[in-house]
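A quick write-up on the structure given underneath.
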Number of protein chains: 2
Amino acid sequence: MTVSRVINGRSGVDEETQRRVEEAIEALDYVPNRIARGLVSQHTATIGLIVPDVVNPFFSPVVRGAETAARKAGYRLLLCNSEGDLRLEREYIEDLVSHRVDGLLLAPASDHSRHSVFPLLRRNFPVVLVDRSLPDLDCDLVVSDSASGARRLVEHLVAIGHREIAHVTDAEDTSTGRERLRGYREALAGADIPYREELVVRTTVDQIGGYRATQQILMLDRLPTAIFTVNNMTVVGAMQALRERGLSVPDDMGLVCFDDVEHLAVLSPFLTVIDQPAETFGSLGAQLLLERISGKAGARSRRIVLQCDLVVRQSCCSRSGIPRRQPSSAPLDVMSGTKADP
Amino acid sequence: MTVSRVINGRSGVDEETQRRVEEAIEALDYVPNRIARGLVSQHTATIGLIVPDVVNPFFSPVVRGAETAARKAGYRLLLCNSEGDLRLEREYIEDLVSHRVDGLLLAPASDHSRHSVFPLLRRNFPVVLVDRSLPDLDCDLVVSDSASGARRLVEHLVAIGHREIAHVTDAEDTSTGRERLRGYREALAGADIPYREELVVRTTVDQIGGYRATQQILMLDRLPTAIFTVNNMTVVGAMQALRERGLSVPDDMGLVCFDDVEHLAVLSPFLTVIDQPAETFGSLGAQLLLERISGKAGARSRRIVLQCDLVVRQSCCSRSGIPRRQPSSAPLDVMSGTKADP
DNA sequence: CGCTTGTTTGTTATCGATAACAATGCATGA
DNA sequence: TCATGCATTGTTATCGATAACAAACAAGCG
């Protein structure tokens with residue numbers, strides 16, 4: 001008990017005793033056991049974070065943002081990679097609850113994640129969703145304005161002359177996919193361009209999905225002049241499919257997508273994209289979660305919608321007949337559209 | 001006690017009782033507390049992973065590899081971002097120990113991390129280092145053959161005609177920096193090219209460091225024909241500095257580095273690099289750690305050195321007078337050097 | 001019938017930290 | 001001298017799960 005008092009800096013310990021305790025701690029390499037402390041205090045100072053994939057350049061900043069915010073508040077982060085798999089996601093959730101994390105930050109795999117999250121909310125377990133919302137679920141969340149972003153992206157394509165724009169999207173079981181599709185349709189409608197079913201291809205939102213979807217688009221009799229893919233992984237697959245067919249971007253086909261990639265943006269500023277504030281998803285999400293954990297949050301759920309930026313580069317604006325924004329000759333041109341600066 | 005027996009599937013419980021317990025568990029949303037279980041069993045089934053930065057495209061695969069390997073063995077991962085900061089790293093280590101993680105996977109910030117790690121080893125606490133080794137420390141580790149990689153990279157530059165090759169390296173307090181510098185010198189020596197002090201610039205291994213170091217190189221009276229940067233972050237800064245000076249890669253300056261970036265490799269296969277098996281660092285590191293935790297490891301430390309691949313693309317081979325490997329005209333050329341395939 | 005054996009369930013103590021309370025020693029003042 | 005206050009230290013019980021052991025009861029057997 002006296003040792004406990006010394007460690008926690010409580011008053012009422014003789015100076016001489018305190019010195020002796022500190023000596024003993026030093027001599028024995030004694031480190032207090034936070035686990036045991038957690039048993040008493042009923043909180044672990046740990047939060048869980050589940051993302052589909054840390055390697056995805058959208059999610060790794062989310063992870064960093066969350067980890068940094070958590071640490072600054074004295075919390076630790078248990079990281080889980082759901083691989084976008086519902087079963088795995090559910091296992092992770094159960095495991096985290098069993099580990100008594102104080103709260104959960106979740107980037108859901110799909111709408112079906114709802115079934116794993118609902119029981120937590122019913123028990124008043126602190127949960128904050130990031131990136132995607134879940135239908136009919138009243139829960140704190142941080143998302144971006146996908147519809148508006150997609151609309152602006154497609155409006156940009158239209159403004160520079162594209163009228164036949166394909167869209168690679170997901171299986172329509174994610175809020176982001178639905179919203180981006182909605183933005184795409186709104187932009188088309190706003191420009192009096194008819195919506196053509198065959199130009200919208202649903203797929204898994206990974207590289208191979210983007211590849212296959214683009215192959216399917218390239219089998220159309222009348223090819224579109226530009227492709228808008230739903231995220232940064234699908235665009236990679238799309239690029240591969242285009243290359244295999246000998247199509248160059250942007251000369252033969254415009255290509256735009258959601259999510260910027262920091263590295264890429266500097267080394268090869270090429271893709272025109274909608275840039276989401278990924279790190280903020282993590283830091284703000286963690287902040288909301290910590291507020292809820294500490295009871296500062298109130299009963300009402302908070303839904304934060306972040307705005308994204310349209311970053312215009314060169315991947316969609318040099319089609320024959322469609323003027324480029326900049327002449328593309330000198331190597332210096334590659335600089336335009338760069339975001340980061342040292 | 002009977003409940004405990006049911007949960008752990010032990011024998012000696014009446015079927016009728018078992019059914020009643022299960023009903024109660026269901027009705028009460030009861031979830032066993034692993035924390036309390038850990039108090040008894042003295043292990044948490046949790047490992048700590050400290051990396052300088054999850055967003056770095058080298059480290060995010062390390063994290064994924066470690067997380068996946070850990071999960072498959074029933075372990076969880078506490079992720080920490082040291083930001084390459086020694087103080088923060090030390091705090092994280094103490095915190096993880098205090099949380100009673102069963103072991104620690106560490107990508108050390110620098111040689112000085114030694115002082116944080118040594119006390120752990122003395123207490124026989126399971127530790128595995130990844131990416132960098134620490135001087136005079138007998139510890140399990142997974143690193144790559146940096147010297148050989150650097151040598152091959154510079155030998156390649158020499159083979160295609162470069163003789164004045166600058167090197168952006170770190171403050172010489174990391175094993176990777178030293179080894180890569182050694183490889184650089186060996187390659188020069190092997191080609192009878194004198195080592196010139198002013199062509200080697202030490203810096204912090206981040207974007208801004210690469211930027212400043214390259215600026216310094218560009219202030220030389222006689223410019224080199226190629227720059228070799230120590231990793232994927234410095235190369236980004238180098239690219240920015242080159243662009244600011246209106247120098248094009250590879251026409252005005254060759255540029256090569258350590259670490260490939262998956263995204264970049266497909267979207268814009270441009271940089272000639274040494275590709276390290278990043279994910280394997282994580283998965284193998286976790287495997288070594290789990291073996292040590294379970295006592296299967298034996299007293300001797302295991303030091304695993306992974307080989308890396310030279311990936312030749314177009315960032316160093318078109319200097320006037322230095323022939324390109326491929327003529328650079330058709331868009332299809334951009335495909336050469338691509339690693340990933342769907 | 002009494003003893004052993006096996007099945008099932010319940011008690012107690014433990015992990016490590018700590019809240020709540022109890023005990024100890026010493027000094028002060030009535 | 002003895003009660004009282006104060007500073008300091010020690011005890012007991014607790015968090016939740018479980019190891020080790022104990023108890024309760026039925027069945028089988030000589």
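If you're wondering about the labels, chains in the structure tokens are A, B, ... by order shown, residues count from 1 in each chain, ligands from 1 in order shown.
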
- Item | Spatial neighbours of stretch 37-42 of chain A, max dist 7 Å, only C-alpha atoms (C1' of nucleotides), sep filter under 6 positions, as a PyMOL selection string | (chain B and resi 36) or (chain C and resi 17) or (chain D and resi 15)

- Task: With a distance threshold of 10 Å and counting only C-alpha atoms (C1' of nucleotides), extract the residues of chain D near chain B and express them as a list in words.
- Result: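 Filtering chain D at 10 Å from chain B with only C-alpha atoms (C1' of nucleotides) gives DC15, DG16, DA17, DT18 and DA19 of chain D.
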
With N, CA and C atoms (P, O5', C5', C4', C3', O3' and C1' of nucleotides) kept, could you save the residues just selected as a PDB file, in the first residue's frame?
```pdb
ATOM      1  P    DC D  15     -16.276  -6.753  -6.330  1.00  0.00           P
ATOM      2  O5'  DC D  15     -15.484  -6.519  -7.682  1.00  0.00           O
ATOM      3  C5'  DC D  15     -15.245  -5.216  -8.179  1.00  0.00           C
ATOM      4  C4'  DC D  15     -14.144  -5.259  -9.209  1.00  0.00           C
ATOM      5  C3'  DC D  15     -14.245  -6.480 -10.134  1.00  0.00           C
ATOM      6  O3'  DC D  15     -14.939  -6.104 -11.312  1.00  0.00           O
ATOM      7  C1'  DC D  15     -11.989  -6.113  -9.357  1.00  0.00           C
ATOM      8  P    DG D  16     -16.064  -7.133 -11.872  1.00  0.00           P
ATOM      9  O5'  DG D  16     -15.184  -8.340 -12.409  1.00  0.00           O
ATOM     10  C5'  DG D  16     -14.460  -8.169 -13.601  1.00  0.00           C
ATOM     11  C4'  DG D  16     -13.763  -9.461 -13.956  1.00  0.00           C
ATOM     12  C3'  DG D  16     -14.682 -10.684 -14.061  1.00  0.00           C
ATOM     13  O3'  DG D  16     -14.355 -11.314 -15.280  1.00  0.00           O
ATOM     14  C1'  DG D  16     -12.878 -11.147 -12.612  1.00  0.00           C
ATOM     15  P    DA D  17     -14.988 -12.715 -15.703  1.00  0.00           P
ATOM     16  O5'  DA D  17     -13.758 -13.678 -15.420  1.00  0.00           O
ATOM     17  C5'  DA D  17     -12.597 -13.534 -16.242  1.00  0.00           C
ATOM     18  C4'  DA D  17     -11.530 -14.514 -15.822  1.00  0.00           C
ATOM     19  C3'  DA D  17     -11.924 -15.988 -15.948  1.00  0.00           C
ATOM     20  O3'  DA D  17     -10.891 -16.639 -16.677  1.00  0.00           O
ATOM     21  C1'  DA D  17     -11.094 -15.514 -13.779  1.00  0.00           C
ATOM     22  P    DT D  18     -10.994 -18.163 -17.054  1.00  0.00           P
ATOM     23  O5'  DT D  18     -10.247 -18.865 -15.845  1.00  0.00           O
ATOM     24  C5'  DT D  18      -8.851 -18.674 -15.701  1.00  0.00           C
ATOM     25  C4'  DT D  18      -8.390 -19.342 -14.440  1.00  0.00           C
ATOM     26  C3'  DT D  18      -8.745 -20.827 -14.336  1.00  0.00           C
ATOM     27  O3'  DT D  18      -7.602 -21.495 -13.857  1.00  0.00           O
ATOM     28  C1'  DT D  18      -9.335 -19.731 -12.389  1.00  0.00           C
ATOM     29  P    DA D  19      -7.194 -22.860 -14.556  1.00  0.00           P
ATOM     30  O5'  DA D  19      -6.087 -23.368 -13.547  1.00  0.00           O
ATOM     31  C5'  DA D  19      -5.117 -22.460 -13.032  1.00  0.00           C
ATOM     32  C4'  DA D  19      -4.680 -22.906 -11.646  1.00  0.00           C
ATOM     33  C3'  DA D  19      -4.662 -24.405 -11.427  1.00  0.00           C
ATOM     34  O3'  DA D  19      -3.582 -24.712 -10.550  1.00  0.00           O
ATOM     35  C1'  DA D  19      -6.206 -23.425  -9.932  1.00  0.00           C
TER      36       DA D  19
END
```

Enumerate as a PDB file with N, CA and C atoms (P, O5', C5', C4', C3', O3' and C1' of nucleotides), in the first residue's frame the residues belonging to chain C that approach chain A to within 9 Å, with only C-alpha atoms (C1' of nucleotides) taken into account.
```
ATOM      1  P    DC C  15      -0.077 -14.761  -5.574  1.00  0.00           P
ATOM      2  O5'  DC C  15      -0.273 -14.015  -6.967  1.00  0.00           O
ATOM      3  C5'  DC C  15      -0.116 -14.697  -8.198  1.00  0.00           C
ATOM      4  C4'  DC C  15      -0.756 -13.887  -9.301  1.00  0.00           C
ATOM      5  C3'  DC C  15      -0.489 -12.390  -9.191  1.00  0.00           C
ATOM      6  O3'  DC C  15       0.640 -12.054  -9.983  1.00  0.00           O
ATOM      7  C1'  DC C  15      -2.804 -12.865  -9.703  1.00  0.00           C
ATOM      8  P    DG C  16       1.728 -11.085  -9.336  1.00  0.00           P
ATOM      9  O5'  DG C  16       0.969  -9.694  -9.323  1.00  0.00           O
ATOM     10  C5'  DG C  16       0.796  -8.983 -10.541  1.00  0.00           C
ATOM     11  C4'  DG C  16       0.106  -7.671 -10.264  1.00  0.00           C
ATOM     12  C3'  DG C  16       0.819  -6.776  -9.251  1.00  0.00           C
ATOM     13  O3'  DG C  16       0.899  -5.499  -9.849  1.00  0.00           O
ATOM     14  C1'  DG C  16      -1.447  -7.051  -8.636  1.00  0.00           C
ATOM     15  P    DA C  17       1.439  -4.243  -9.077  1.00  0.00           P
ATOM     16  O5'  DA C  17       0.084  -3.485  -8.768  1.00  0.00           O
ATOM     17  C5'  DA C  17      -0.648  -2.947  -9.860  1.00  0.00           C
ATOM     18  C4'  DA C  17      -1.912  -2.297  -9.365  1.00  0.00           C
ATOM     19  C3'  DA C  17      -1.698  -1.111  -8.411  1.00  0.00           C
ATOM     20  O3'  DA C  17      -2.452  -0.028  -8.910  1.00  0.00           O
ATOM     21  C1'  DA C  17      -3.206  -2.685  -7.482  1.00  0.00           C
ATOM     22  P    DT C  18      -2.418   1.393  -8.226  1.00  0.00           P
ATOM     23  O5'  DT C  18      -3.643   1.300  -7.226  1.00  0.00           O
ATOM     24  C5'  DT C  18      -4.952   1.257  -7.757  1.00  0.00           C
ATOM     25  C4'  DT C  18      -5.935   1.079  -6.627  1.00  0.00           C
ATOM     26  C3'  DT C  18      -5.833   2.133  -5.518  1.00  0.00           C
ATOM     27  O3'  DT C  18      -7.145   2.534  -5.203  1.00  0.00           O
ATOM     28  C1'  DT C  18      -5.875   0.017  -4.603  1.00  0.00           C
TER      29       DT C  18
END
```

- Task: Using only C-alpha atoms, select each residue of chain A with any atom at most 7 Å away from an atom of chain B, and give the selection as JSON, numbers by chain.
- Result: {"A": [31, 32, 33, 34, 35, 36, 39, 54, 55, 60, 61, 64, 77, 78, 79, 98, 99, 100, 208, 236, 239, 243, 246, 248, 264, 266, 267, 268, 331, 332, 342]}

- Query: Per DSSP on the backbone, what are the alpha helix (DSSP H) residues of stretch 91-262 of chain B, as a PyMOL selection string?
  - Reply: chain B and resi 91-98+114-122+146-159+175-190+207-218+232-244+262

- Message: Report as an MDAnalysis selection string all protein, DNA and RNA residues lying within 8 Å of stretch 9-11 of chain D, evaluated on only C-alpha atoms (C1' of nucleotides), omitting residues in the same chain fewer than 5 positions from it.
- Response: (chainID A and resid 1:2) or (chainID C and resid 22:24)

Could those selected residues go to a file with C-alpha atoms (C1' of nucleotides), as a CSV table (one decimal), in the first residue's frame?
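What landed in again30.csv:
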```csv
chain,number,residue,atom,x,y,z
A,1,MET,CA,0.0,0.0,0.0
A,2,THR,CA,2.8,2.4,0.8
C,22,DA,C1',-7.7,0.1,11.1
C,23,DA,C1',-3.7,0.5,13.8
C,24,DT,C1',0.5,2.4,15.4
```

- So which residues of stretch 223-295 of chain A fall under strand (DSSP E) by DSSP, listed as a PyMOL selection string? chain A and resi 226-229+254-258+272-275

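The list of residues with at least one atom within 12 Å of C:DG6, based on only C-alpha atoms (C1' of nucleotides) and without residues fewer than 4 positions apart in the same chain, reads Gly12 of chain B; DC25, DA26, DA27 and DG28 of chain D.
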
- Extract, using only C-alpha atoms (C1' of nucleotides), all DNA, RNA and protein residues at most 6 Å from A:Phe258, discarding same-chain residues fewer than 2 positions from it, and format them as a PyMOL selection string. chain A and resi 230-231+273-274

Go ahead and save the residues from that selection, with C-alpha atoms, as a short mmCIF file (atom, residue, chain, number, x, y, z; two decimals), in the first residue's frame.
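Listing of selection-v3.cif after writing:
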```
data_model
loop_
_atom_site.label_atom_id
_atom_site.label_comp_id
_atom_site.auth_asym_id
_atom_site.auth_seq_id
_atom_site.Cartn_x
_atom_site.Cartn_y
_atom_site.Cartn_z
CA VAL A 230 -14.31 4.83 -56.41
CA ASN A 231 -10.98 4.81 -54.56
CA VAL A 273 -8.27 13.18 -57.53
CA ILE A 274 -10.55 14.07 -54.68
#
```

- Using only C-alpha atoms (C1' of nucleotides), which residues sit within 6 Å of B:Ile165 once same-chain residues fewer than 4 positions away are excluded, as a list in words? Pro224, Ala226 and Ile227 of chain B

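Relative to atom CA of B:Leu105, atom CA of A:Tyr75 is found at 19.3 Å.
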
- Measure the distance from atom CA of B:Thr229 to atom CA of B:Leu255 in Å and round it to one decimal.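 Interatomic distance, atom CA of B:Thr229 to atom CA of B:Leu255: 7.7 Å.
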
Taking 6 positions as the minimum chain separation for residues in the same chain, which residues sit within 8 Å of stretch 177-181 of chain B when counting only C-alpha atoms (C1' of nucleotides)? Answer as a CSV table (one decimal) with C-alpha atoms, in the first residue's frame.
```csv
chain,number,residue,atom,x,y,z
B,146,SER,CA,21.5,-3.1,-47.0
B,147,ALA,CA,25.2,-3.1,-48.0
B,148,SER,CA,24.6,-5.6,-50.8
B,149,GLY,CA,21.5,-3.8,-51.9
B,150,ALA,CA,23.3,-0.4,-52.0
B,151,ARG,CA,26.2,-2.0,-53.8
B,167,HIS,CA,24.5,9.8,-51.7
B,169,THR,CA,22.3,9.3,-46.1
B,170,ASP,CA,21.4,9.6,-42.5
B,171,ALA,CA,23.3,10.9,-39.4
B,230,VAL,CA,18.9,6.3,-48.4
```
